[in-house]
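Q: Sharing target11.csv, CSV, C-alpha atoms and all ligand atoms:
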chain,number,residue,atom,x,y,z
A,243,MET,CA,-5.5,-49.4,22.9
A,244,THR,CA,-7.6,-47.4,20.4
A,245,GLU,CA,-10.7,-45.3,21.3
A,246,PRO,CA,-13.5,-46.1,21.3
A,247,TRP,CA,-12.7,-49.6,22.7
A,248,SER,CA,-14.5,-52.7,21.4
A,249,PRO,CA,-14.0,-56.4,22.0
A,250,ALA,CA,-12.2,-56.6,18.7
A,251,GLU,CA,-9.2,-55.4,20.8
A,252,ILE,CA,-9.2,-58.4,23.0
A,253,GLY,CA,-6.2,-60.5,22.2
A,254,ASP,CA,-5.8,-64.2,22.4
A,255,LEU,CA,-6.6,-65.4,25.9
A,256,THR,CA,-5.6,-69.0,25.4
A,257,GLY,CA,-4.0,-70.4,28.5
A,258,ARG,CA,-5.7,-67.9,30.8
A,259,THR,CA,-8.4,-68.7,33.3
A,260,ALA,CA,-11.1,-66.2,34.2
A,261,LEU,CA,-13.8,-66.6,36.9
A,262,VAL,CA,-17.0,-64.7,36.4
A,263,THR,CA,-19.6,-64.4,39.1
A,264,GLY,CA,-23.3,-64.1,38.3
A,265,PRO,CA,-23.2,-65.5,34.8
A,266,SER,CA,-27.0,-66.2,34.5
A,267,LEU,CA,-28.4,-66.1,31.0
A,268,GLY,CA,-29.1,-62.6,29.6
A,269,GLY,CA,-27.1,-60.8,32.3
A,270,LEU,CA,-23.8,-59.0,32.1
A,271,GLY,CA,-21.9,-62.0,33.5
A,272,HIS,CA,-23.2,-64.2,30.7
A,273,HIS,CA,-22.0,-61.8,28.0
A,274,THR,CA,-18.7,-61.2,29.8
A,275,ALA,CA,-18.1,-65.0,30.0
A,276,LEU,CA,-19.1,-65.5,26.4
A,277,GLU,CA,-16.7,-62.9,25.1
A,278,LEU,CA,-13.8,-64.2,27.2
A,279,ALA,CA,-14.5,-67.7,26.0
A,280,ARG,CA,-14.7,-66.5,22.4
A,281,HIS,CA,-11.1,-65.2,22.8
A,282,GLY,CA,-9.9,-68.5,24.1
A,283,ALA,CA,-10.0,-68.1,27.9
A,284,ARG,CA,-11.0,-71.0,30.1
A,285,VAL,CA,-14.0,-69.5,32.0
A,286,VAL,CA,-15.3,-70.6,35.4
A,287,LEU,CA,-19.0,-69.8,35.6
A,288,ALA,CA,-19.7,-69.0,39.3
A,289,GLY,CA,-23.3,-68.8,40.3
A,290,ARG,CA,-25.7,-70.0,43.0
A,291,THR,CA,-27.9,-72.3,40.9
A,292,ARG,CA,-26.4,-75.3,39.1
A,293,ALA,CA,-29.3,-75.4,36.6
A,294,LYS,CA,-28.6,-71.8,35.6
A,295,LEU,CA,-24.9,-72.5,35.2
A,296,ASP,CA,-25.8,-75.4,32.9
A,297,GLU,CA,-28.1,-73.1,30.9
A,298,THR,CA,-25.3,-70.5,30.5
A,299,ALA,CA,-22.7,-73.1,29.6
A,300,GLN,CA,-25.0,-74.5,26.9
A,301,ALA,CA,-25.6,-71.0,25.5
A,302,VAL,CA,-21.9,-70.2,25.5
A,303,ARG,CA,-21.1,-73.5,23.8
A,304,ALA,CA,-23.8,-72.9,21.2
A,305,GLU,CA,-21.6,-69.9,20.0
A,306,VAL,CA,-18.2,-71.2,21.0
A,307,PRO,CA,-18.3,-75.0,20.6
A,308,ALA,CA,-14.7,-75.4,21.9
A,309,ALA,CA,-15.2,-73.3,25.0
A,310,ALA,CA,-13.4,-74.5,28.0
A,311,LEU,CA,-15.9,-74.0,30.8
A,312,GLU,CA,-16.0,-74.9,34.5
A,313,LYS,CA,-18.9,-74.5,36.9
A,314,LEU,CA,-18.6,-73.3,40.5
A,315,VAL,CA,-21.6,-73.1,42.8
A,316,VAL,CA,-21.4,-70.1,45.1
A,317,ASP,CA,-24.0,-68.1,47.0
A,318,LEU,CA,-22.4,-64.8,47.6
A,319,ALA,CA,-25.0,-64.0,50.3
A,320,SER,CA,-23.6,-66.7,52.5
A,321,LEU,CA,-20.1,-66.5,53.9
A,322,ASP,CA,-20.1,-70.3,54.4
A,323,SER,CA,-21.0,-70.9,50.8
A,324,VAL,CA,-18.2,-68.5,49.7
A,325,ARG,CA,-15.7,-70.4,51.9
A,326,ARG,CA,-16.7,-73.7,50.3
A,327,ALA,CA,-16.4,-72.2,46.8
A,328,GLY,CA,-13.0,-70.9,47.7
A,329,GLN,CA,-11.9,-74.4,48.5
A,330,ASP,CA,-13.5,-75.9,45.4
A,331,ALA,CA,-11.8,-73.2,43.2
A,332,ALA,CA,-8.4,-74.3,44.3
A,333,ALA,CA,-8.7,-77.1,41.7
A,334,TYR,CA,-8.6,-74.5,38.9
A,335,GLY,CA,-4.9,-73.6,39.6
A,336,PRO,CA,-3.6,-70.1,38.7
A,337,LEU,CA,-6.3,-67.5,38.0
A,338,HIS,CA,-5.7,-64.6,35.6
A,339,LEU,CA,-8.9,-62.8,36.1
A,340,LEU,CA,-11.7,-62.6,38.7
A,341,VAL,CA,-14.8,-60.6,37.6
A,342,ASN,CA,-16.9,-59.7,40.6
A,343,ASN,CA,-20.1,-59.2,38.6
A,344,ALA,CA,-22.9,-60.8,40.6
A,345,GLY,CA,-25.2,-58.4,42.4
A,346,VAL,CA,-28.7,-57.6,43.5
A,347,MET,CA,-30.5,-54.2,43.2
A,348,ALA,CA,-33.1,-52.8,45.6
A,349,PRO,CA,-34.7,-56.0,46.9
A,350,ALA,CA,-37.1,-56.1,49.8
A,351,TYR,CA,-35.4,-55.9,53.2
A,352,GLN,CA,-33.7,-59.1,54.1
A,353,ARG,CA,-30.9,-60.1,56.5
A,354,THR,CA,-28.7,-63.0,55.4
A,355,VAL,CA,-27.7,-66.1,57.5
A,356,ASP,CA,-24.7,-64.0,58.6
A,357,GLY,CA,-26.9,-61.2,59.9
A,358,LEU,CA,-26.0,-58.8,57.0
A,359,GLU,CA,-28.3,-56.7,54.9
A,360,LEU,CA,-28.8,-58.6,51.6
A,361,GLN,CA,-27.4,-56.0,49.2
A,362,MET,CA,-24.3,-55.3,51.2
A,363,ALA,CA,-23.8,-59.0,51.7
A,364,THR,CA,-24.2,-60.0,48.0
A,365,ASN,CA,-22.6,-56.9,46.4
A,366,HIS,CA,-19.7,-56.3,48.8
A,367,PHE,CA,-19.0,-58.7,51.6
A,368,GLY,CA,-19.3,-62.0,49.6
A,369,PRO,CA,-17.1,-60.7,46.8
A,370,PHE,CA,-14.6,-59.3,49.4
A,371,LEU,CA,-14.3,-62.8,50.9
A,372,LEU,CA,-14.2,-64.5,47.5
A,373,THR,CA,-11.4,-62.2,46.3
A,374,GLY,CA,-9.4,-62.8,49.4
A,375,LEU,CA,-9.7,-66.6,49.1
A,376,LEU,CA,-8.7,-66.5,45.4
A,377,LEU,CA,-5.9,-64.0,45.9
A,378,PRO,CA,-3.2,-66.8,46.2
A,379,GLN,CA,-4.3,-68.2,42.8
A,380,LEU,CA,-4.5,-64.7,41.2
A,381,THR,CA,-1.0,-64.1,42.5
A,382,GLU,CA,0.3,-67.4,41.2
A,383,SER,CA,-0.7,-66.5,37.7
A,384,GLY,CA,1.9,-63.7,37.8
A,385,GLU,CA,-0.6,-61.2,36.3
A,386,GLY,CA,-3.8,-61.4,38.3
A,387,ARG,CA,-6.6,-58.9,37.7
A,388,VAL,CA,-9.7,-58.3,39.7
A,389,VAL,CA,-12.6,-56.4,38.0
A,390,THR,CA,-15.5,-55.4,40.2
A,391,VAL,CA,-18.8,-54.2,38.6
A,392,SER,CA,-20.0,-50.9,40.2
A,393,SER,CA,-22.7,-48.5,39.0
A,394,GLN,CA,-23.4,-44.8,38.3
A,395,MET,CA,-25.6,-45.3,41.4
A,396,HIS,CA,-22.5,-45.0,43.5
A,397,ARG,CA,-22.9,-41.3,43.0
A,398,ARG,CA,-26.1,-41.4,45.0
A,399,ALA,CA,-24.3,-42.6,48.2
A,400,ARG,CA,-24.1,-39.7,50.7
A,401,THR,CA,-21.8,-41.6,53.0
A,402,ALA,CA,-19.7,-44.7,52.9
A,403,PRO,CA,-21.1,-47.8,54.6
A,404,LEU,CA,-18.8,-47.7,57.6
A,405,ASP,CA,-21.3,-48.6,60.4
A,406,ASP,CA,-21.3,-52.0,62.0
A,407,PRO,CA,-22.9,-54.1,59.2
A,408,ARG,CA,-24.6,-56.5,61.6
A,409,THR,CA,-26.5,-53.8,63.4
A,410,PRO,CA,-29.7,-52.9,61.6
A,411,ARG,CA,-30.0,-49.1,60.9
A,412,GLY,CA,-33.4,-47.4,61.4
A,413,SER,CA,-35.7,-48.0,58.5
A,414,TYR,CA,-34.4,-49.9,55.4
A,415,LYS,CA,-34.2,-47.7,52.3
A,416,ARG,CA,-33.5,-50.0,49.3
A,417,TRP,CA,-32.0,-47.4,46.9
A,418,PRO,CA,-29.6,-45.7,49.3
A,419,GLU,CA,-28.5,-49.1,50.5
A,420,TYR,CA,-27.8,-50.2,46.8
A,421,ALA,CA,-26.0,-46.9,46.2
A,422,GLU,CA,-23.7,-47.6,49.2
A,423,SER,CA,-23.0,-51.1,48.1
A,424,LYS,CA,-21.9,-49.9,44.7
A,425,LEU,CA,-19.8,-47.2,46.3
A,426,ALA,CA,-18.3,-50.0,48.4
A,427,ASN,CA,-17.3,-51.8,45.1
A,428,LEU,CA,-15.1,-48.7,44.2
A,429,LEU,CA,-13.7,-48.2,47.7
A,430,PHE,CA,-12.8,-51.9,47.7
A,431,THR,CA,-11.2,-51.8,44.2
A,432,PHE,CA,-9.0,-48.8,45.0
A,433,GLU,CA,-7.9,-50.2,48.4
A,434,LEU,CA,-7.2,-53.7,47.0
A,435,ASP,CA,-5.1,-52.2,44.2
A,436,ARG,CA,-3.1,-50.0,46.6
A,437,ARG,CA,-2.6,-52.9,49.0
A,438,ALA,CA,-1.5,-55.3,46.3
A,439,ARG,CA,0.9,-52.8,44.9
A,440,SER,CA,2.4,-51.9,48.3
A,441,ARG,CA,3.1,-55.6,48.9
A,442,GLY,CA,4.6,-56.1,45.4
A,443,LEU,CA,1.9,-58.6,44.4
A,444,PRO,CA,1.4,-59.1,40.6
A,445,VAL,CA,-2.3,-58.4,41.0
A,446,LYS,CA,-4.2,-55.3,40.0
A,447,ALA,CA,-7.8,-54.2,40.7
A,448,LEU,CA,-10.0,-52.3,38.3
A,449,ALA,CA,-13.7,-51.4,38.2
A,450,ALA,CA,-16.3,-51.0,35.5
A,451,HIS,CA,-19.9,-50.0,35.2
A,452,PRO,CA,-22.4,-50.8,32.4
A,453,GLY,CA,-24.5,-47.7,32.2
A,454,ILE,CA,-28.1,-48.9,31.9
A,455,SER,CA,-28.2,-52.3,30.4
A,456,GLY,CA,-31.1,-54.6,29.5
A,457,THR,CA,-30.5,-57.4,32.0
A,458,HIS,CA,-32.7,-59.1,34.7
A,459,LEU,CA,-31.5,-56.8,37.4
A,460,VAL,CA,-34.7,-54.8,37.9
A,461,ALA,CA,-36.9,-57.9,37.7
A,462,ASN,CA,-34.7,-59.9,40.0
A,463,GLY,CA,-34.6,-57.0,42.6
A,464,ARG,CA,-38.4,-56.4,42.5
A,465,THR,CA,-39.8,-59.9,42.2
A,466,GLY,CA,-36.9,-62.2,43.1
A,467,ARG,CA,-37.1,-63.9,39.7
A,468,SER,CA,-36.0,-63.2,36.2
A,469,ALA,CA,-39.1,-64.3,34.2
A,470,GLY,CA,-42.8,-64.8,34.4
A,471,GLY,CA,-45.6,-62.4,35.3
A,472,LEU,CA,-44.4,-59.0,36.7
A,473,ALA,CA,-40.8,-60.0,36.2
A,474,SER,CA,-41.3,-60.4,32.4
A,475,ILE,CA,-43.1,-57.0,32.2
A,476,LEU,CA,-40.3,-55.3,34.2
A,477,ASP,CA,-37.7,-57.0,31.9
A,478,ALA,CA,-39.4,-55.8,28.8
A,479,ALA,CA,-39.6,-52.2,30.2
A,480,THR,CA,-35.9,-52.3,31.2
A,481,LYS,CA,-34.9,-53.5,27.8
A,482,ALA,CA,-36.9,-50.7,26.1
A,483,VAL,CA,-34.8,-48.0,27.7
A,484,SER,CA,-31.4,-49.7,27.9
A,485,GLN,CA,-28.5,-50.6,25.8
A,486,SER,CA,-28.2,-54.4,25.3
A,487,ALA,CA,-26.7,-56.6,28.0
A,488,GLU,CA,-24.0,-57.5,25.4
A,489,ARG,CA,-23.0,-53.9,25.0
A,490,GLY,CA,-23.3,-53.4,28.8
A,491,ALA,CA,-20.6,-56.0,29.2
A,492,TRP,CA,-18.1,-54.0,27.1
A,493,PRO,CA,-16.8,-51.7,29.9
A,494,VAL,CA,-16.3,-54.8,32.0
A,495,LEU,CA,-14.4,-56.5,29.2
A,496,MET,CA,-12.3,-53.4,28.7
A,497,ALA,CA,-11.4,-53.4,32.4
A,498,ALA,CA,-10.7,-57.1,32.2
A,499,THR,CA,-8.4,-57.1,29.2
A,500,ALA,CA,-7.2,-53.7,28.1
A,501,ASP,CA,-3.7,-52.5,28.9
A,502,LEU,CA,-4.7,-50.3,31.8
A,503,PRO,CA,-3.2,-49.5,35.2
A,504,GLY,CA,-4.7,-50.7,38.4
A,505,GLY,CA,-7.4,-48.4,39.8
A,506,SER,CA,-8.8,-47.7,36.4
A,507,TYR,CA,-12.6,-47.4,36.1
A,508,CYS,CA,-14.3,-48.1,32.8
A,509,GLY,CA,-17.8,-47.1,31.7
A,510,PRO,CA,-19.9,-46.3,28.6
A,511,GLY,CA,-18.7,-43.2,26.8
A,512,GLY,CA,-22.1,-41.9,25.7
A,513,PHE,CA,-24.4,-39.2,27.1
A,514,GLY,CA,-24.5,-39.4,30.9
A,515,GLN,CA,-22.5,-42.7,30.7
A,516,LEU,CA,-25.8,-44.4,30.1
A,517,SER,CA,-24.7,-46.3,27.0
A,518,GLY,CA,-22.1,-46.3,24.3
A,519,PRO,CA,-18.6,-47.7,23.6
A,520,PRO,CA,-16.5,-47.8,26.8
A,521,ARG,CA,-13.8,-45.4,28.0
A,522,LEU,CA,-12.1,-44.5,31.2
A,523,VAL,CA,-14.6,-42.7,33.5
A,524,GLY,CA,-14.4,-40.8,36.8
A,525,CYS,CA,-16.1,-41.4,40.1
A,526,THR,CA,-17.1,-39.3,43.1
A,527,PRO,CA,-14.6,-37.9,45.6
A,528,LEU,CA,-16.1,-40.1,48.2
A,529,ALA,CA,-15.1,-43.2,46.2
A,530,ARG,CA,-11.5,-41.9,46.2
A,531,ASP,CA,-11.5,-41.1,50.0
A,532,GLU,CA,-8.6,-43.2,51.2
A,533,MET,CA,-9.7,-43.1,54.8
A,534,ALA,CA,-13.1,-44.5,53.8
A,535,GLN,CA,-11.3,-47.1,51.7
A,536,ARG,CA,-9.1,-48.2,54.6
A,537,ARG,CA,-11.9,-48.2,57.1
A,538,LEU,CA,-14.2,-50.3,54.9
A,539,TRP,CA,-11.4,-52.8,54.3
A,540,GLU,CA,-10.9,-53.2,58.1
A,541,ILE,CA,-14.7,-53.6,58.7
A,542,SER,CA,-14.8,-56.1,55.8
A,543,GLU,CA,-12.0,-58.2,57.2
A,544,GLN,CA,-13.7,-58.3,60.6
A,545,THR,CA,-17.0,-59.2,59.0
A,546,VAL,CA,-15.9,-62.0,56.9
A,547,GLY,CA,-13.1,-63.3,59.2
A,548,LEU,CA,-10.3,-63.1,56.7
A,549,THR,CA,-7.4,-60.7,56.7
A,550,TYR,CA,-5.6,-60.1,53.4
A,551,PRO,CA,-3.5,-59.5,51.2
A,601,LIG,N1,-28.0,-53.8,34.3
A,601,LIG,C1,-27.6,-52.5,34.7
A,601,LIG,O1,-28.1,-51.6,34.1
A,601,LIG,C2,-26.6,-52.3,35.7
A,601,LIG,C3,-26.3,-51.0,36.0
A,601,LIG,C4,-25.3,-50.7,37.0
A,601,LIG,C5,-24.6,-51.8,37.6
A,601,LIG,N2,-25.0,-53.1,37.3
A,601,LIG,C6,-24.3,-54.2,38.0
A,601,LIG,O2,-24.1,-55.2,37.1
A,601,LIG,C7,-23.9,-56.5,37.8
A,601,LIG,C8,-24.6,-57.6,37.1
A,601,LIG,O3,-26.0,-57.3,37.1
A,601,LIG,P1,-27.0,-57.6,35.8
A,601,LIG,O4,-27.4,-56.3,35.4
A,601,LIG,O5,-26.4,-58.5,34.9
A,601,LIG,O6,-28.2,-58.3,36.6
A,601,LIG,P2,-28.8,-59.7,36.5
A,601,LIG,O7,-29.2,-60.1,35.1
A,601,LIG,O8,-29.9,-59.7,37.6
A,601,LIG,O9,-27.6,-60.7,37.0
A,601,LIG,C9,-27.2,-60.7,38.3
A,601,LIG,C10,-26.4,-61.9,38.5
A,601,LIG,O10,-26.0,-61.9,39.9
A,601,LIG,C11,-26.4,-63.2,40.5
A,601,LIG,N3,-26.6,-63.2,41.9
A,601,LIG,C12,-27.5,-62.5,42.6
A,601,LIG,N4,-27.4,-62.8,43.9
A,601,LIG,C13,-26.5,-63.7,44.0
A,601,LIG,C14,-26.0,-64.5,45.1
A,601,LIG,N5,-26.4,-64.4,46.3
A,601,LIG,N6,-25.0,-65.4,44.9
A,601,LIG,C15,-24.5,-65.5,43.6
A,601,LIG,N7,-25.0,-64.9,42.6
A,601,LIG,C16,-25.9,-64.0,42.8
A,601,LIG,C17,-27.6,-63.6,39.7
A,601,LIG,O11,-27.9,-64.9,39.9
A,601,LIG,P3,-29.4,-65.5,39.9
A,601,LIG,O12,-29.7,-65.6,38.4
A,601,LIG,O13,-29.2,-66.8,40.6
A,601,LIG,O14,-30.3,-64.5,40.6
A,601,LIG,C18,-27.2,-63.2,38.3
A,601,LIG,O15,-26.4,-64.2,37.7
A,601,LIG,C19,-24.5,-56.2,39.2
A,601,LIG,O16,-23.4,-56.1,40.1
A,601,LIG,C20,-25.2,-54.8,39.1
A,601,LIG,O17,-25.2,-54.1,40.3
A,601,LIG,C21,-26.0,-53.4,36.4
Could the structure of this file be written out as structure tokens, please?
A:
Amino acid sequence: MTEPWSPAEIGDLTGRTALVTGPSLGGLGHHTALELARHGARVVLAGRTRAKLDETAQAVRAEVPAAALEKLVVDLASLDSVRRAGQDAAAYGPLHLLVNNAGVMAPAYQRTVDGLELQMATNHFGPFLLTGLLLPQLTESGEGRVVTVSSQMHRRARTAPLDDPRTPRGSYKRWPEYAESKLANLLFTFELDRRARSRGLPVKALAAHPGISGTHLVANGRTGRSAGGLASILDAATKAVSQSAERGAWPVLMAATADLPGGSYCGPGGFGQLSGPPRLVGCTPLARDEMAQRRLWEISEQTVGLTYP
């Protein structure tokens, strides 16, 4: 691997299958899926709206006509939907890569059908369950990799989310809750990697963050949609101060394909890790707290009703 890393380093991925969550057009998942397809991987586009999956598939095929694409419907904010998706995904056979990319940022307060706060449900508990359900297929590939997309915002978390997730806290604070969900992404990654290693599974877990990237994240969080009215204004404002979504996907692609040990964390190498070519980056001591990692794992197993690995 040379530094700085770029997608030119991605080798031939023919024969490999990657599943990317949250691949809606213009987001990091779309650009991650596109680049993986460009290098020959079969890519499973996993999102909650079939029409959006079709739209992304069309956009990927416009650039990579021979792309091997599958579409999997999954709403990560519903544990039942994730369970159904887990069953449907069995048809894909061995999985080489799972990219837990889908996420929401700072939406209005909402509890999911499972009684969980929406950000923790979408950003952590849904992906936790999906990963557990796909683990046999990741293991079967003989070289499974799980990449989870975190954020610099994990640094804002004062504590790990270790309370009962079904018991509402006092007043809802959207940014601290987002920060904790992104801290959870790192706690999950490091614990998964350790557990897989201690059981001798051929699966490693890595994390990445995109700095600040011009996606629909702000618009989706504020308005619940990615275009039209206020959403389009927020989108334009975000793009004006961000690196492109395409560049934002580079750290994710580095974590997904570079020769790196499990537990690695990739992010942009520029000032403040806001943008720039990717490199290995650090995280807060809280994210490396093994007691918090273990405790979150146990809480997550109880919450989603699945014990693994
Ligand atoms: N953009 C940044 O600057 C930035 C910075 C740090 C971290 N991140 C992280 O990057 C990841 C990708 O976000 P993005 O920036 O690409 O934002 P985005 O454009 O809003 O994309 C988010 C994706 O997640 C999907 N999603 C949301 N809720 C879902 C659910 N319940 N079930 C299934 N899919 C769901 C969205 O689907 P719909 O289209 O159906 O809503 C969309 O495909 C997130 O984890 C985010 O926290 C982004």
Q: Using only C-alpha atoms, find the one residue out of A:Ser474, A:Thr526, A:Gln379, A:Gln361 that sits nearest to Gln329 in chain A.
A: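 Selected residue with least distance to Gln329 in chain A: A:Gln379.
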Q: Give me, as an mmCIF file with C-alpha atoms, in the coordinates of the input, the set of residues whose atoms come within 6 Å of any atom of ligand LIG 601 (chain A), counting only C-alpha atoms and all ligand atoms.
A:
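Output contents, as saved in part_7.cif:
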data_model
loop_
_atom_site.group_PDB
_atom_site.id
_atom_site.type_symbol
_atom_site.label_atom_id
_atom_site.label_comp_id
_atom_site.auth_asym_id
_atom_site.auth_seq_id
_atom_site.Cartn_x
_atom_site.Cartn_y
_atom_site.Cartn_z
ATOM 1 C CA GLY A 264 -23.300 -64.100 38.300
ATOM 2 C CA PRO A 265 -23.200 -65.500 34.800
ATOM 3 C CA SER A 266 -27.000 -66.200 34.500
ATOM 4 C CA GLY A 269 -27.100 -60.800 32.300
ATOM 5 C CA LEU A 270 -23.800 -59.000 32.100
ATOM 6 C CA GLY A 271 -21.900 -62.000 33.500
ATOM 7 C CA GLY A 289 -23.300 -68.800 40.300
ATOM 8 C CA ARG A 290 -25.700 -70.000 43.000
ATOM 9 C CA THR A 291 -27.900 -72.300 40.900
ATOM 10 C CA VAL A 316 -21.400 -70.100 45.100
ATOM 11 C CA ASP A 317 -24.000 -68.100 47.000
ATOM 12 C CA LEU A 318 -22.400 -64.800 47.600
ATOM 13 C CA ALA A 319 -25.000 -64.000 50.300
ATOM 14 C CA ASN A 343 -20.100 -59.200 38.600
ATOM 15 C CA ALA A 344 -22.900 -60.800 40.600
ATOM 16 C CA GLY A 345 -25.200 -58.400 42.400
ATOM 17 C CA VAL A 346 -28.700 -57.600 43.500
ATOM 18 C CA THR A 364 -24.200 -60.000 48.000
ATOM 19 C CA VAL A 391 -18.800 -54.200 38.600
ATOM 20 C CA SER A 392 -20.000 -50.900 40.200
ATOM 21 C CA SER A 393 -22.700 -48.500 39.000
ATOM 22 C CA HIS A 451 -19.900 -50.000 35.200
ATOM 23 C CA PRO A 452 -22.400 -50.800 32.400
ATOM 24 C CA GLY A 453 -24.500 -47.700 32.200
ATOM 25 C CA ILE A 454 -28.100 -48.900 31.900
ATOM 26 C CA SER A 455 -28.200 -52.300 30.400
ATOM 27 C CA GLY A 456 -31.100 -54.600 29.500
ATOM 28 C CA THR A 457 -30.500 -57.400 32.000
ATOM 29 C CA HIS A 458 -32.700 -59.100 34.700
ATOM 30 C CA LEU A 459 -31.500 -56.800 37.400
ATOM 31 C CA ASN A 462 -34.700 -59.900 40.000
#
Q: Between A:Ala279, A:Leu429, A:Ala332, A:Leu404, which residue has the minimum interatomic distance to Leu314 in chain A, considering all atoms listed in the file?
A: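 Residue with the minimum atom-to-atom distance to Leu314 in chain A: A:Ala332.
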Q: Can you tell me, as a ChimeraX atom specification, what residues are no more than 12 Å from Arg416 in chain A when counting only C-alpha atoms, ignoring any on the same chain fewer than 3 positions away?
A: /A:346-352,359-362,399,413,419-423,463-464
Q: Would you save the residues of that selection, restricted to C-alpha atoms, as a compact mmCIF listing (two decimals), in the frame of the given file?
A:
# COMPACT_ATOMS: atom_id res chain seq x y z
CA VAL A 346 -28.70 -57.60 43.50
CA MET A 347 -30.50 -54.20 43.20
CA ALA A 348 -33.10 -52.80 45.60
CA PRO A 349 -34.70 -56.00 46.90
CA ALA A 350 -37.10 -56.10 49.80
CA TYR A 351 -35.40 -55.90 53.20
CA GLN A 352 -33.70 -59.10 54.10
CA GLU A 359 -28.30 -56.70 54.90
CA LEU A 360 -28.80 -58.60 51.60
CA GLN A 361 -27.40 -56.00 49.20
CA MET A 362 -24.30 -55.30 51.20
CA ALA A 399 -24.30 -42.60 48.20
CA SER A 413 -35.70 -48.00 58.50
CA GLU A 419 -28.50 -49.10 50.50
CA TYR A 420 -27.80 -50.20 46.80
CA ALA A 421 -26.00 -46.90 46.20
CA GLU A 422 -23.70 -47.60 49.20
CA SER A 423 -23.00 -51.10 48.10
CA GLY A 463 -34.60 -57.00 42.60
CA ARG A 464 -38.40 -56.40 42.50
Q: Expressed in Å to a single decimal, how great is the separation between CA of Ala275 in chain A and CA of Val302 in chain A?
A: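 Computed distance, CA of Ala275 in chain A to CA of Val302 in chain A, equals 7.9 Å.
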Q: For Lys446 in chain A, list every protein, DNA or RNA residue within 9 Å, evaluated using all atoms listed in the file, and leave out those in the same chain fewer than 3 positions away; present the list as number ranges by chain.
A: A: 385-389, 431, 434-436, 438-439, 443, 503-505
Q: Which of these, A:Ala402, A:Leu448, A:Ala500, A:Ala478, has the shortest distance to Glu433 in chain A once you count all atoms listed in the file?
A: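 Checking each of A:Ala402, A:Leu448, A:Ala500, A:Ala478 against Glu433 in chain A, counting all atoms listed in the file, the winner is A:Leu448.
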Q: Any chance you could model all heavy atoms for range 260-264 of chain A and send them as a PDB file, keeping the file's coordinate frame?
A:
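Printed below is part-v7.pdb as written:
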ATOM      1  N   ALA A 260     -10.334 -67.366  33.689  1.00  0.00           N
ATOM      2  CA  ALA A 260     -11.100 -66.200  34.200  1.00  0.00           C
ATOM      3  C   ALA A 260     -12.289 -66.808  35.022  1.00  0.00           C
ATOM      4  O   ALA A 260     -12.929 -67.765  34.586  1.00  0.00           O
ATOM      5  CB  ALA A 260     -11.628 -65.374  33.098  1.00  0.00           C
ATOM      6  N   LEU A 261     -12.571 -66.229  36.168  1.00  0.00           N
ATOM      7  CA  LEU A 261     -13.800 -66.600  36.900  1.00  0.00           C
ATOM      8  C   LEU A 261     -14.722 -65.461  36.958  1.00  0.00           C
ATOM      9  O   LEU A 261     -14.355 -64.342  37.332  1.00  0.00           O
ATOM     10  CB  LEU A 261     -13.320 -67.022  38.363  1.00  0.00           C
ATOM     11  CG  LEU A 261     -14.379 -67.688  39.261  1.00  0.00           C
ATOM     12  CD1 LEU A 261     -13.718 -68.619  40.278  1.00  0.00           C
ATOM     13  CD2 LEU A 261     -15.255 -66.668  39.981  1.00  0.00           C
ATOM     14  N   VAL A 262     -15.949 -65.725  36.512  1.00  0.00           N
ATOM     15  CA  VAL A 262     -17.000 -64.700  36.400  1.00  0.00           C
ATOM     16  C   VAL A 262     -18.129 -65.030  37.320  1.00  0.00           C
ATOM     17  O   VAL A 262     -18.753 -66.086  37.148  1.00  0.00           O
ATOM     18  CB  VAL A 262     -17.467 -64.524  34.956  1.00  0.00           C
ATOM     19  CG1 VAL A 262     -18.509 -63.414  34.856  1.00  0.00           C
ATOM     20  CG2 VAL A 262     -16.308 -64.254  34.002  1.00  0.00           C
ATOM     21  N   THR A 263     -18.467 -64.159  38.265  1.00  0.00           N
ATOM     22  CA  THR A 263     -19.600 -64.400  39.100  1.00  0.00           C
ATOM     23  C   THR A 263     -20.892 -63.903  38.516  1.00  0.00           C
ATOM     24  O   THR A 263     -20.875 -62.927  37.758  1.00  0.00           O
ATOM     25  CB  THR A 263     -19.422 -63.828  40.545  1.00  0.00           C
ATOM     26  OG1 THR A 263     -19.480 -62.395  40.454  1.00  0.00           O
ATOM     27  CG2 THR A 263     -18.106 -64.248  41.183  1.00  0.00           C
ATOM     28  N   GLY A 264     -21.998 -64.566  38.833  1.00  0.00           N
ATOM     29  CA  GLY A 264     -23.300 -64.100  38.300  1.00  0.00           C
ATOM     30  C   GLY A 264     -23.447 -64.195  36.837  1.00  0.00           C
ATOM     31  O   GLY A 264     -23.802 -63.204  36.189  1.00  0.00           O
TER      32      GLY A 264
END
